[in-house]
$ cat target.csv   # CSV, C-alpha atoms
chain,number,residue,atom,x,y,z
A,1,MET,CA,0.0,0.0,0.0
A,2,ILE,CA,1.4,3.4,-1.0
A,3,ASN,CA,1.0,6.2,1.6
A,4,ILE,CA,1.9,9.8,1.7
A,5,ASN,CA,3.9,10.5,4.8
A,6,PRO,CA,5.0,14.2,5.1
A,7,SER,CA,6.8,13.5,8.4
A,8,GLY,CA,9.7,12.0,6.4
A,9,LEU,CA,10.4,15.5,5.0
A,10,LYS,CA,10.7,17.0,8.5
A,11,GLU,CA,13.7,14.7,9.2
A,12,THR,CA,15.6,16.3,6.3
A,13,LYS,CA,17.6,19.3,7.4
A,14,TRP,CA,17.9,22.4,5.3
A,15,HIS,CA,21.6,21.8,4.5
A,16,GLU,CA,20.6,18.3,3.2
A,17,TYR,CA,18.2,20.0,0.7
A,18,VAL,CA,21.0,22.4,-0.3
A,19,LEU,CA,23.3,19.5,-0.8
A,20,ARG,CA,20.8,17.8,-3.2
A,21,PHE,CA,20.2,21.1,-5.1
A,22,VAL,CA,24.0,21.6,-5.5
A,23,ALA,CA,24.6,18.0,-6.5
A,24,GLY,CA,21.8,18.2,-9.1
A,25,GLY,CA,23.1,21.5,-10.4
A,26,ILE,CA,26.7,20.3,-10.7
A,27,ILE,CA,25.8,17.0,-12.5
A,28,THR,CA,23.6,18.9,-15.0
A,29,VAL,CA,26.5,21.4,-15.8
A,30,ILE,CA,28.9,18.4,-16.1
A,31,ALA,CA,26.5,16.6,-18.4
A,32,GLY,CA,26.3,19.7,-20.6
A,33,ILE,CA,30.1,20.1,-20.7
A,34,ILE,CA,30.6,16.4,-21.6
A,35,ALA,CA,28.0,16.7,-24.4
A,36,ARG,CA,29.7,19.8,-25.8
A,37,LYS,CA,33.2,18.3,-25.7
A,38,TRP,CA,32.4,14.7,-26.9
A,39,GLY,CA,29.1,15.1,-28.6
A,40,PRO,CA,25.5,14.1,-27.8
A,41,GLY,CA,26.3,10.3,-28.2
A,42,ILE,CA,28.6,10.4,-25.1
A,43,GLY,CA,26.8,13.2,-23.3
A,44,GLY,CA,23.5,11.3,-23.4
A,45,LEU,CA,25.0,8.5,-21.4
A,46,PHE,CA,25.3,10.9,-18.4
A,47,LEU,CA,21.7,11.8,-18.5
A,48,ALA,CA,21.1,8.6,-16.4
A,49,PHE,CA,24.2,9.1,-14.2
A,50,PRO,CA,23.3,8.1,-10.6
A,51,ALA,CA,23.4,11.7,-9.4
A,52,ILE,CA,20.7,11.9,-6.7
A,53,PHE,CA,20.9,8.3,-5.6
A,54,PRO,CA,24.1,8.2,-3.5
A,55,ALA,CA,22.9,11.2,-1.4
A,56,SER,CA,19.4,9.8,-1.0
A,57,ALA,CA,20.7,6.4,0.1
A,58,THR,CA,23.1,8.0,2.6
A,59,LEU,CA,20.3,10.2,4.1
A,60,ILE,CA,17.9,7.3,4.3
A,61,GLU,CA,20.5,5.2,6.1
A,62,LYS,CA,21.3,8.1,8.5
A,63,HIS,CA,17.6,8.9,9.3
A,64,GLU,CA,16.7,5.3,9.9
A,65,ARG,CA,19.7,4.8,12.2
A,66,GLN,CA,18.9,8.0,14.1
A,67,ARG,CA,15.3,6.9,14.5
A,68,LYS,CA,16.4,3.6,16.1
A,69,GLN,CA,19.1,5.3,18.2
A,70,LYS,CA,16.4,7.5,19.7
A,71,LYS,CA,14.7,4.3,20.9
A,72,GLY,CA,18.0,3.1,22.5
A,73,LEU,CA,18.9,0.7,19.7
A,74,HIS,CA,22.1,0.7,17.6
A,75,GLY,CA,20.2,1.1,14.3
A,76,GLU,CA,23.1,0.3,11.9
A,77,ARG,CA,21.5,-2.8,10.5
A,78,ARG,CA,18.1,-1.1,10.1
A,79,GLY,CA,19.8,1.8,8.4
A,80,ALA,CA,21.5,-0.4,5.9
A,81,ASP,CA,18.3,-2.4,5.3
A,82,ALA,CA,16.3,0.8,4.6
A,83,ALA,CA,19.0,2.0,2.2
A,84,ALA,CA,19.0,-1.4,0.5
A,85,ILE,CA,15.2,-1.3,0.0
A,86,ASP,CA,15.5,2.3,-1.3
A,87,ALA,CA,18.2,1.0,-3.8
A,88,LEU,CA,15.8,-1.7,-5.0
A,89,GLY,CA,13.2,1.0,-5.6
A,90,ALA,CA,15.8,3.0,-7.6
A,91,ALA,CA,16.4,-0.1,-9.7
A,92,MET,CA,12.7,-0.2,-10.6
A,93,GLY,CA,13.0,3.6,-11.3
A,94,GLY,CA,15.9,2.7,-13.6
A,95,VAL,CA,13.6,0.4,-15.6
A,96,GLY,CA,11.3,3.4,-15.9
A,97,LEU,CA,14.3,5.5,-17.1
A,98,VAL,CA,14.9,3.1,-20.0
A,99,GLY,CA,11.2,3.7,-20.9
A,100,PHE,CA,11.7,7.5,-20.5
A,101,ALA,CA,14.8,7.5,-22.9
A,102,GLY,CA,13.0,5.3,-25.5
A,103,ILE,CA,9.8,7.5,-25.4
A,104,CYS,CA,11.9,10.7,-25.6
A,105,TRP,CA,13.9,9.3,-28.5
A,106,TRP,CA,10.6,8.7,-30.4
A,107,LEU,CA,8.6,11.8,-29.3
A,108,ILE,CA,11.2,14.6,-29.5
A,109,PRO,CA,11.6,14.6,-33.4
A,110,ARG,CA,7.8,14.5,-33.8
A,111,TYR,CA,6.3,16.7,-31.2
A,112,SER,CA,6.9,20.0,-29.3
A,113,ALA,CA,9.4,19.9,-26.4
A,114,PRO,CA,6.8,20.2,-23.5
A,115,LEU,CA,4.6,17.5,-25.0
A,116,ALA,CA,7.6,15.1,-25.7
A,117,LEU,CA,9.2,15.7,-22.2
A,118,GLY,CA,5.9,15.6,-20.4
A,119,GLY,CA,4.8,12.5,-22.2
A,120,ALA,CA,8.1,10.8,-21.5
A,121,THR,CA,7.9,11.7,-17.8
A,122,ILE,CA,4.4,10.2,-17.5
A,123,GLY,CA,5.9,7.1,-19.3
A,124,TRP,CA,8.7,7.0,-16.7
A,125,LEU,CA,6.2,7.0,-13.9
A,126,LEU,CA,4.0,4.3,-15.5
A,127,VAL,CA,6.9,2.0,-16.4
A,128,SER,CA,8.4,2.5,-12.9
A,129,LEU,CA,5.1,1.9,-11.2
A,130,SER,CA,4.5,-1.3,-13.2
A,131,ALA,CA,8.0,-2.7,-12.4
A,132,TRP,CA,7.5,-1.8,-8.7
A,133,THR,CA,4.0,-3.4,-8.6
A,134,LEU,CA,5.2,-6.6,-10.4
A,135,ARG,CA,8.0,-6.9,-7.8
A,136,GLN,CA,5.6,-6.5,-4.9
A,137,LEU,CA,3.3,-9.1,-6.4
A,138,ARG,CA,6.2,-11.5,-6.9
A,139,ARG,CA,7.3,-11.0,-3.3
A,140,ARG,CA,3.8,-11.8,-2.1
A,141,LEU,CA,3.4,-14.9,-4.3
A,142,LEU,CA,6.8,-16.4,-3.4
B,143,MET,CA,23.0,35.0,-16.8
B,144,SER,CA,25.5,32.5,-18.2
B,145,GLU,CA,24.5,29.2,-19.7
B,146,ALA,CA,26.3,27.2,-17.0
B,147,LEU,CA,24.4,29.0,-14.2
B,148,VAL,CA,21.0,28.4,-16.0
B,149,ARG,CA,21.9,24.7,-16.2
B,150,PHE,CA,23.0,24.6,-12.6
B,151,LEU,CA,19.7,26.2,-11.4
B,152,ILE,CA,17.4,24.1,-13.6
B,153,GLY,CA,19.2,20.9,-12.7
B,154,GLY,CA,19.2,21.7,-9.0
B,155,LEU,CA,15.5,22.5,-9.1
B,156,PHE,CA,14.4,19.4,-11.0
B,157,LEU,CA,16.6,17.1,-8.8
B,158,SER,CA,15.3,18.8,-5.5
B,159,ALA,CA,11.7,18.5,-6.7
B,160,PHE,CA,12.0,14.8,-7.4
B,161,ALA,CA,13.9,14.2,-4.1
B,162,ILE,CA,11.1,16.0,-2.1
B,163,ILE,CA,8.4,14.0,-3.9
B,164,GLY,CA,10.3,10.7,-3.3
B,165,GLY,CA,10.6,11.6,0.4
B,166,LEU,CA,6.8,12.0,0.8
B,167,PHE,CA,6.0,8.3,0.0
B,168,LYS,CA,6.0,5.2,2.1
B,169,PRO,CA,7.0,2.4,1.7
B,170,THR,CA,10.7,3.2,1.2
B,171,SER,CA,11.0,1.0,-1.9
B,172,PHE,CA,8.3,3.2,-3.6
B,173,GLY,CA,10.0,6.4,-2.6
B,174,GLY,CA,13.2,4.9,-4.0
B,175,LEU,CA,11.7,5.1,-7.5
B,176,PHE,CA,12.4,8.8,-7.4
B,177,GLY,CA,16.1,8.2,-6.8
B,178,ALA,CA,16.1,7.2,-10.5
B,179,ALA,CA,13.8,10.0,-11.7
B,180,PRO,CA,14.7,11.8,-15.0
B,181,SER,CA,15.7,15.0,-13.2
B,182,VAL,CA,19.1,15.6,-15.0
B,183,ALA,CA,17.6,14.4,-18.3
B,184,LEU,CA,14.6,16.8,-18.2
B,185,ALA,CA,16.8,19.8,-17.4
B,186,THR,CA,19.4,18.9,-20.0
B,187,LEU,CA,17.0,17.8,-22.8
B,188,ALA,CA,14.9,21.0,-22.4
B,189,LEU,CA,18.0,23.1,-22.9
B,190,ALA,CA,19.4,20.9,-25.7
B,191,ILE,CA,16.1,21.1,-27.7
B,192,SER,CA,16.1,24.9,-27.5
B,193,GLU,CA,19.9,25.4,-28.1
B,194,ASN,CA,20.9,22.5,-30.4
B,195,GLY,CA,17.7,21.3,-32.0
B,196,LYS,CA,15.6,18.2,-31.9
B,197,ALA,CA,18.0,15.8,-33.7
B,198,TYR,CA,20.7,16.6,-31.2
B,199,ALA,CA,18.4,16.0,-28.2
B,200,ALA,CA,17.1,12.7,-29.8
B,201,ASN,CA,20.6,11.5,-30.2
B,202,GLU,CA,21.2,12.2,-26.5
B,203,CYS,CA,18.1,10.1,-25.7
B,204,ARG,CA,19.4,7.2,-27.7
B,205,SER,CA,22.5,7.1,-25.6
B,206,MET,CA,20.6,7.6,-22.5
B,207,LEU,CA,19.1,4.1,-23.0
B,208,ALA,CA,22.5,2.7,-22.1
B,209,GLY,CA,22.9,5.0,-19.2
B,210,ALA,CA,19.5,3.9,-17.8
B,211,VAL,CA,20.4,0.2,-18.1
B,212,GLY,CA,23.6,1.1,-16.2
B,213,LEU,CA,21.6,2.9,-13.5
B,214,CYS,CA,19.3,-0.1,-13.1
B,215,LEU,CA,22.2,-2.6,-12.6
B,216,TYR,CA,24.1,-0.1,-10.4
B,217,SER,CA,21.1,0.2,-8.1
B,218,LEU,CA,20.8,-3.5,-7.8
B,219,LEU,CA,24.5,-3.9,-7.0
B,220,VAL,CA,24.2,-1.1,-4.3
B,221,SER,CA,21.3,-3.0,-2.8
B,222,GLN,CA,23.3,-6.2,-2.6
B,223,PHE,CA,26.3,-4.4,-1.1
B,224,LEU,CA,24.0,-3.0,1.6
B,225,ALA,CA,21.9,-6.0,2.3
B,226,ARG,CA,24.5,-8.9,2.0
B,227,PHE,CA,27.9,-7.3,2.6
B,228,ARG,CA,26.7,-4.7,5.2
B,229,LEU,CA,28.6,-1.9,3.6
B,230,SER,CA,27.6,1.7,4.6
B,231,ALA,CA,25.6,3.6,2.0
B,232,PRO,CA,28.5,6.0,1.0
B,233,LYS,CA,30.8,3.0,0.5
B,234,ALA,CA,28.2,0.9,-1.3
B,235,THR,CA,27.2,3.7,-3.7
B,236,LEU,CA,30.9,4.5,-4.4
B,237,PHE,CA,32.1,0.9,-4.9
B,238,ALA,CA,29.2,0.1,-7.3
B,239,MET,CA,30.1,3.1,-9.5
B,240,PRO,CA,32.6,1.2,-11.8
B,241,LEU,CA,29.6,-1.1,-12.8
B,242,TRP,CA,27.7,1.9,-14.1
B,243,PHE,CA,30.7,3.1,-16.2
B,244,LEU,CA,31.4,-0.5,-17.4
B,245,THR,CA,27.8,-1.1,-18.4
B,246,VAL,CA,27.2,2.2,-20.2
B,247,PHE,CA,30.5,2.2,-22.2
B,248,THR,CA,30.1,-1.5,-23.1
B,249,LEU,CA,26.6,-1.0,-24.4
B,250,TRP,CA,27.6,2.2,-26.2
B,251,ARG,CA,30.5,0.5,-27.9
B,252,LEU,CA,28.5,-2.5,-28.9
B,253,PHE,CA,25.2,-1.0,-30.0
B,254,LEU,CA,25.3,2.8,-30.1
B,255,ARG,CA,28.6,3.9,-31.5

$ encode --input "target.csv" --output "structure tokens"
Amino acid sequence: MININPSGLKETKWHEYVLRFVAGGIITVIAGIIARKWGPGIGGLFLAFPAIFPASATLIEKHERQRKQKKGLHGERRGADAAAIDALGAAMGGVGLVGFAGICWWLIPRYSAPLALGGATIGWLLVSLSAWTLRQLRRRLL
Amino acid sequence: MSEALVRFLIGGLFLSAFAIIGGLFKPTSFGGLFGAAPSVALATLALAISENGKAYAANECRSMLAGAVGLCLYSLLVSQFLARFRLSAPKATLFAMPLWFLTVFTLWRLFLR
């Protein structure tokens, strides 16, 4: 069951948001530099560089560990488990990203930029959701 | 405003937005989907279409297919490093990075070059 839980956002400190913003900005600049220097063929590879993921996994591990430590537990194992589950989710999102790239490749030459990028983002969400749902069903059946 | 600054701001905004959305959801595995959201791609492609044209941006998307397969395998390896080998998240995400480079450049050389 998917729930919206805004309390998770309260655990994130303002400097952690800044860190993500800066990481996203830097990787986008680097992707542009690579594309300019070596062409779109190489530059395109870096559009799916794991930019946000290392920071997210580290924060999830830290927050889960801190939550357990507040209850007097060590929390290292739970922190690693939470980050591992987050990584599995990112793998499903990666499947969606293959869909995003394929849809963009097809739509961009045919339609306007907002329509192509918007359509591909919806495609990413649908493919990711499908992969995630299939994995959840498989876990329940096995 | 220079082009690099525009890229920096747009990339940071997209990435932060997807990170905030991902942090809203439970279970953790569902929120994890947003760790592979097309944040950098959206920012870069929007600029590439306006500055370099549609053919250039479509070419980037074609290569992005290899990058996305790499990201998928990379995330699975990180998960294994964390769950089986009990590495910390910073170590797991760093040690798995060579797999992303190996996957994307192998796929690019075999199918996309």

$ residues_around --input "target.csv" --residues "segment 44-49 of chain A" --least-positions-apart "5" --cutoff "10 Å" --atoms "all atoms listed in the file" --output "ChimeraX atom specification"
/A:27-28,30-32,34-35,39,94,97-98,101 /B:178-187,198-214,216,239,242-243,246-247,250

$ closest_residue --input "target.csv" --among "B:Ala197, B:Pro240, B:Phe167, B:Leu175" --to "Trp106 of chain A" --atoms "only C-alpha atoms"
B:Ala197

$ atom_distance --input "target.csv" --atom1 "atom CA of Gln66 of chain A" --atom2 "atom CA of Ser221 of chain B"
20.3 Å

$ closest_residue --input "target.csv" --among "A:Ile122, A:Ala116, A:Ile2, A:Leu142" --to "chain B" --atoms "all atoms listed in the file"
A:Ile2

$ atom_distance --input "target.csv" --atom1 "atom CA of Ala83 of chain A" --atom2 "atom CA of Leu224 of chain B"
7.1 Å

$ residues_around --input "target.csv" --residues "segment 3-18 of chain A" --least-positions-apart "4" --cutoff "10 Å" --atoms "only C-alpha atoms" --output "PyMOL selection string"
(chain A and resi 22-24+55-56+59-60+63-64+66-67) or (chain B and resi 154+158-159+161-169+172-173)

$ write_last_selection --input "target.csv" --atoms "C-alpha atoms" --output "JSON list (two decimals), in the frame of the given file"
[["chain", "number", "residue", "atom", "x", "y", "z"],
["A", 22, "VAL", "CA", 24.00, 21.60, -5.50],
["A", 23, "ALA", "CA", 24.60, 18.00, -6.50],
["A", 24, "GLY", "CA", 21.80, 18.20, -9.10],
["A", 55, "ALA", "CA", 22.90, 11.20, -1.40],
["A", 56, "SER", "CA", 19.40, 9.80, -1.00],
["A", 59, "LEU", "CA", 20.30, 10.20, 4.10],
["A", 60, "ILE", "CA", 17.90, 7.30, 4.30],
["A", 63, "HIS", "CA", 17.60, 8.90, 9.30],
["A", 64, "GLU", "CA", 16.70, 5.30, 9.90],
["A", 66, "GLN", "CA", 18.90, 8.00, 14.10],
["A", 67, "ARG", "CA", 15.30, 6.90, 14.50],
["B", 154, "GLY", "CA", 19.20, 21.70, -9.00],
["B", 158, "SER", "CA", 15.30, 18.80, -5.50],
["B", 159, "ALA", "CA", 11.70, 18.50, -6.70],
["B", 161, "ALA", "CA", 13.90, 14.20, -4.10],
["B", 162, "ILE", "CA", 11.10, 16.00, -2.10],
["B", 163, "ILE", "CA", 8.40, 14.00, -3.90],
["B", 164, "GLY", "CA", 10.30, 10.70, -3.30],
["B", 165, "GLY", "CA", 10.60, 11.60, 0.40],
["B", 166, "LEU", "CA", 6.80, 12.00, 0.80],
["B", 167, "PHE", "CA", 6.00, 8.30, 0.00],
["B", 168, "LYS", "CA", 6.00, 5.20, 2.10],
["B", 169, "PRO", "CA", 7.00, 2.40, 1.70],
["B", 172, "PHE", "CA", 8.30, 3.20, -3.60],
["B", 173, "GLY", "CA", 10.00, 6.40, -2.60]]

$ residues_around --input "target.csv" --residues "segment 128-139 of chain A" --least-positions-apart "3" --cutoff "7 Å" --atoms "all atoms listed in the file" --output "list in words"
Met92, Gly93, Val95, Gly96, Trp124, Leu125 and Leu142 of chain A; Leu175 of chain B

$ atom_distance --input "target.csv" --atom1 "atom CA of Ser171 of chain B" --atom2 "atom CA of Leu218 of chain B"
12.3 Å

$ closest_residue --input "target.csv" --among "A:Arg65, A:Arg77, A:Lys70, A:Lys37" --to "chain B" --atoms "all atoms listed in the file"
A:Arg77
